[in-house]
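Have a look at the structure below before the remarks.
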Amino acid sequence: MMSVNGICEERALAKNWLSRTALPLWTSVGYDAKLGLFHERLTFTGEPMEALPRRLMVQCRQIYVVAQATLTGLMDGRALLDTTFTQVLRHFHKSETDLKWIFSIDPDGHVRDPRSDCYSLAFVLFALAWLYRVKADKFYLELADEIVAVLDRHMAAELGGVTDGVPRPDGYLRQNPNMHLIEAYLALYEATGAQKYLTRARSMYALFCRHIFLHDHAAIPELHDSGWKVSDLNQAWYEPGHHFEWVWLSRRLAKASGEDVTGQVQALLSRALDEGVDDASLSIERVSVLGRERTVSRRSWGSCEFIKACAAEAEANPSQSGIWADRAANSLKSLRKMFLSTSVNGLWVDRVDQHGAALSTDVPASSLYHFTLAIMESDRVFGTVMPKSYVSKPSAAMFLDRDGVINLDTGYPNKPNHISFVPGIAEAIKMATAAGYQVVVVSNQSGVARGMMTEADVLRLHRWMASELSQQGADISAWYHCPFHEQASVDVYKYEKHPDRKPNPGMLLRAAHDLNIDLSRSKMIGDQETDMEAARRSGVTPYRFHGGDMLTFMTKVISPPPSVRAAL
């Protein structure tokens, strides 16, 4: 069992790996600047395998990774995204054909495989959603609607969902492309607020409930016939990783739509937790539906999906969050030791046997999508205090520093008895909320890095402060903190110029990503120049608080006359 601070430390180590090593490596060595596309694979010595064909799906997954990192402040990948997507369109998009997109090209740019593949198209839609979040260009949505028309016209299965593509490789229907289409439609809905994408996601989820998931066996077979039946259950298997992925998708759908998915989630977890997770808290590869024979080798992606499911369940069931946090922490620790401990930092072992010995011979770029989602979801859920709901329309935020703005700065306060609230803060928060702002706390907490408190202490204190303010009718949408510092005495938190640490804008960017905040309409109240600079770097209007009554100050911030604003 992990210590109470285990999830915090493992989450920090995982995010450090992503930001310090994986992202720099895969956007440099892992990128073919001559072609303007990402490499498919690297060797374990970190060399690109240049002779391999380039698949559309891999390019789209890497576009998501760079977009997510850009939106959350880990890097500025906007130029890279523009270049890469321009080349994706040039090489993979065939507008003159009925099916519009091809599967792969050779390294010289010539068509390698002209198939149009539903799995790939799902990831094009997913990439377009993330590109739109970075830059709201309607061209991305026009391409998305073009793909949806192709799916409807050429790849629709008779009873719902989609076939594998055109031409079909065999007579089977597979759950995997249908699952990723739900993911893509939800991403498009979250990016745009357009109900048509949520409607499609719900329709495909209904197909999952009716046909894809076998309720009697609590299993998702990978292969079905053309009527979404399983002809021979004796030969059928399920992959626990996909059960966990459906858990995460189910919870996301519930957040977006209000749909009750509790029964589906419980059924998905009933077998996957029992027979699909090993003693190292890693997801095994597959289990037969009837015989329950287990293939106990492990793929990195399956355990990433387990971590995402743990985060989703912790968010959906706050009373059980400690149990899910421990499971996520144990899985992150095993993922780090078994998959991420490579001689070249930023690489990974994709597949290991039951003893942890490597079964893979190179490093596939496509896995970075799984690592990124797992790390960012665990960071969002276990590293912040925030609501379960998602706001479908962009709103303005009132960002608040903590010490010196919400509470008096007494020098690294970390317990409730250290907290004295600034006069008028509850009324000021209520005023901001009434004016249409989401109130979000963004706080440097270097006391964690200095060993004066744990990150778990910070999270507990924020939950207590949120409760105290809420009892006065002052509700805060989310609490973000940065525990990193360049002079840390705790190694895991030693990080020079961490993207989240103000004056860097990472916490504000993460909040905008998580809560659908329009930064251009948002404001920031802080008591230090670092607060003001973080606001400016993220496009937020800064206001410097010098003490006194916060309600009086908030009145000026919400509707300041020009003369007053100039003096703030």
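A note on labels: chains of the structure tokens are A, B, ... as shown, every chain counts residues from 1, and ligands are counted from 1 in their shown order.
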
Within 12 Å of segment 17-33 of chain A, which residues of segment 496-548 of chain A come that close, and what is the closest atom pair and distance in Å for each? Count only C-alpha atoms and give it as a Markdown table.
| residue | atom | partner | partner_atom | distance |
| --- | --- | --- | --- | --- |
| A:Glu496 | CA | A:Arg20 | CA | 10.6 |
| A:Lys497 | CA | A:Arg20 | CA | 11.5 |
| A:His498 | CA | A:Ser19 | CA | 9.4 |
| A:Pro499 | CA | A:Ser19 | CA | 9.0 |
| A:Asp500 | CA | A:Ser19 | CA | 11.3 |

Let's have the selection written as a PDB file, in the first residue's frame, with N, CA, C and O atoms.
ATOM      1  N   GLU A 496      14.094  23.418 -12.272  1.00  0.00           N
ATOM      2  CA  GLU A 496      14.388  24.806 -12.571  1.00  0.00           C
ATOM      3  C   GLU A 496      13.357  25.369 -13.534  1.00  0.00           C
ATOM      4  O   GLU A 496      13.109  24.803 -14.599  1.00  0.00           O
ATOM      5  N   LYS A 497      12.729  26.467 -13.148  1.00  0.00           N
ATOM      6  CA  LYS A 497      11.745  27.161 -13.983  1.00  0.00           C
ATOM      7  C   LYS A 497      10.630  26.217 -14.451  1.00  0.00           C
ATOM      8  O   LYS A 497      10.342  26.103 -15.634  1.00  0.00           O
ATOM      9  N   HIS A 498      10.005  25.561 -13.505  1.00  0.00           N
ATOM     10  CA  HIS A 498       8.903  24.646 -13.835  1.00  0.00           C
ATOM     11  C   HIS A 498       7.807  25.408 -14.572  1.00  0.00           C
ATOM     12  O   HIS A 498       7.497  26.555 -14.232  1.00  0.00           O
ATOM     13  N   PRO A 499       7.204  24.796 -15.602  1.00  0.00           N
ATOM     14  CA  PRO A 499       6.164  25.495 -16.372  1.00  0.00           C
ATOM     15  C   PRO A 499       4.991  25.992 -15.536  1.00  0.00           C
ATOM     16  O   PRO A 499       4.333  26.961 -15.909  1.00  0.00           O
ATOM     17  N   ASP A 500       4.720  25.335 -14.404  1.00  0.00           N
ATOM     18  CA  ASP A 500       3.602  25.747 -13.556  1.00  0.00           C
ATOM     19  C   ASP A 500       3.962  26.848 -12.570  1.00  0.00           C
ATOM     20  O   ASP A 500       3.074  27.509 -12.026  1.00  0.00           O
TER      21      ASP A 500
END

List every residue of segment 283-354 of chain A that has an atom at most 10 Å from any atom of segment 363-375 of chain A, giving for each one its closest atom pair and the distance in Å to one decimal, counting only C-alpha atoms, sorted by chain and then by ascending residue number, as a tab-separated table.
residue	atom	partner	partner_atom	distance
A:Arg299	CA	A:Ser367	CA	9.7
A:Ser300	CA	A:Ser367	CA	7.6
A:Trp301	CA	A:His370	CA	5.6
A:Gly302	CA	A:His370	CA	8.6
A:Ser303	CA	A:Ala374	CA	8.9
A:Cys304	CA	A:Ala374	CA	5.3
A:Glu305	CA	A:Ala374	CA	6.7
A:Phe306	CA	A:Ala374	CA	8.4
A:Ile307	CA	A:Ala374	CA	5.9
A:Lys308	CA	A:Ala374	CA	5.2
A:Ala309	CA	A:Ala374	CA	9.0
A:Cys310	CA	A:Ala374	CA	9.7
A:Ala311	CA	A:Ala374	CA	8.6
A:Ala328	CA	A:Ala374	CA	9.7
A:Leu332	CA	A:Ile375	CA	8.7
A:Leu335	CA	A:Phe371	CA	9.7
A:Gly346	CA	A:Leu368	CA	9.8
A:Leu347	CA	A:Val363	CA	6.7
A:Trp348	CA	A:Val363	CA	6.3
A:Val349	CA	A:Val363	CA	6.5
A:Asp350	CA	A:Val363	CA	6.6
A:Arg351	CA	A:Val363	CA	9.7

Item to check | Separation of atom CA of Ile476 of chain A from atom CA of Val440 of chain A, in Å and rounded to one decimal | outcome: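 These two atoms are separated by 6.0 Å.
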
Next on the checklist: Just want the 7 Å neighbourhood of Cys8 of chain A, counted on only C-alpha atoms, with same-chain residues fewer than 3 positions away dropped. Output as a list of chain:residue names.
Outcome noted: A:Asn5, A:Arg11, A:Ala12, A:Gly383, A:Glu455, A:Ala456

Item to check | Contacts of Arg200 of chain A within 10 Å, only C-alpha atoms, excl. fewer than 4 positions in-chain, as a PyMOL selection string | outcome: chain A and resi 148+181-182+185-186+189+195-196+204-206

Next on the checklist: So that I can check the surroundings of Ala79 of chain A, please list as a PyMOL selection string every protein, DNA and RNA residue that reaches within 12 Å of it, counting only C-alpha atoms and ignoring chain neighbours fewer than 5 positions away.
Outcome noted: chain A and resi 27+36+63+66-67+70+84-86+131+134-135

For the residues in that selection, give me N, CA, C and O atoms as a compact mmCIF listing (two decimals), in the first residue's frame.
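Dumped to again.txt:
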# COMPACT_ATOMS: atom_id res chain seq x y z
N THR A 27 9.95 15.38 -29.97
CA THR A 27 9.76 16.52 -30.86
C THR A 27 11.08 16.97 -31.50
O THR A 27 11.11 17.97 -32.21
N GLY A 36 8.65 16.67 -42.33
CA GLY A 36 7.66 17.42 -41.56
C GLY A 36 6.65 16.52 -40.88
O GLY A 36 5.51 16.95 -40.62
N ILE A 63 0.17 14.64 -32.82
CA ILE A 63 -0.43 15.98 -32.84
C ILE A 63 -1.20 16.22 -31.55
O ILE A 63 -1.10 17.29 -30.93
N VAL A 66 1.35 16.96 -28.66
CA VAL A 66 1.92 18.32 -28.72
C VAL A 66 0.86 19.36 -28.38
O VAL A 66 1.13 20.35 -27.69
N ALA A 67 -0.36 19.14 -28.84
CA ALA A 67 -1.44 20.09 -28.54
C ALA A 67 -1.75 20.10 -27.04
O ALA A 67 -1.90 21.19 -26.44
N THR A 70 0.98 21.89 -25.27
CA THR A 70 0.91 23.32 -25.53
C THR A 70 -0.18 23.98 -24.71
O THR A 70 0.02 25.03 -24.09
N THR A 84 3.33 20.28 -39.03
CA THR A 84 3.00 18.86 -39.13
C THR A 84 1.64 18.66 -39.80
O THR A 84 1.50 17.81 -40.68
N PHE A 85 0.65 19.45 -39.40
CA PHE A 85 -0.66 19.22 -39.99
C PHE A 85 -0.69 19.62 -41.46
O PHE A 85 -1.40 19.00 -42.26
N THR A 86 0.09 20.62 -41.83
CA THR A 86 0.21 20.97 -43.25
C THR A 86 0.74 19.78 -44.04
O THR A 86 0.23 19.47 -45.14
N LEU A 131 -6.42 20.37 -32.26
CA LEU A 131 -5.93 21.50 -33.04
C LEU A 131 -6.86 22.70 -32.91
O LEU A 131 -6.41 23.85 -32.80
N VAL A 134 -6.29 24.56 -29.74
CA VAL A 134 -5.11 25.41 -29.78
C VAL A 134 -5.37 26.66 -30.62
O VAL A 134 -4.97 27.77 -30.25
N LYS A 135 -6.04 26.48 -31.76
CA LYS A 135 -6.34 27.60 -32.65
C LYS A 135 -7.72 27.37 -33.25
O LYS A 135 -7.91 26.43 -34.02

Next on the checklist: Using only C-alpha atoms, which protein or nucleic acid residues come within 12 Å of Phe545 of chain A? Drop anything in the same chain fewer than 3 positions from it, and give the result as a PyMOL selection string.
Outcome noted: chain A and resi 400-406+422+524-529+531-532+542+548-554+556-557+567-568

Checklist entry - Quick one: of A:Arg463, A:Lys494, A:Arg133, A:Lys393, who's nearest to Glu9 of chain A, counting only C-alpha atoms? => result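 Between A:Arg463, A:Lys494, A:Arg133, A:Lys393, the residue approaching Glu9 of chain A most closely is A:Lys494.
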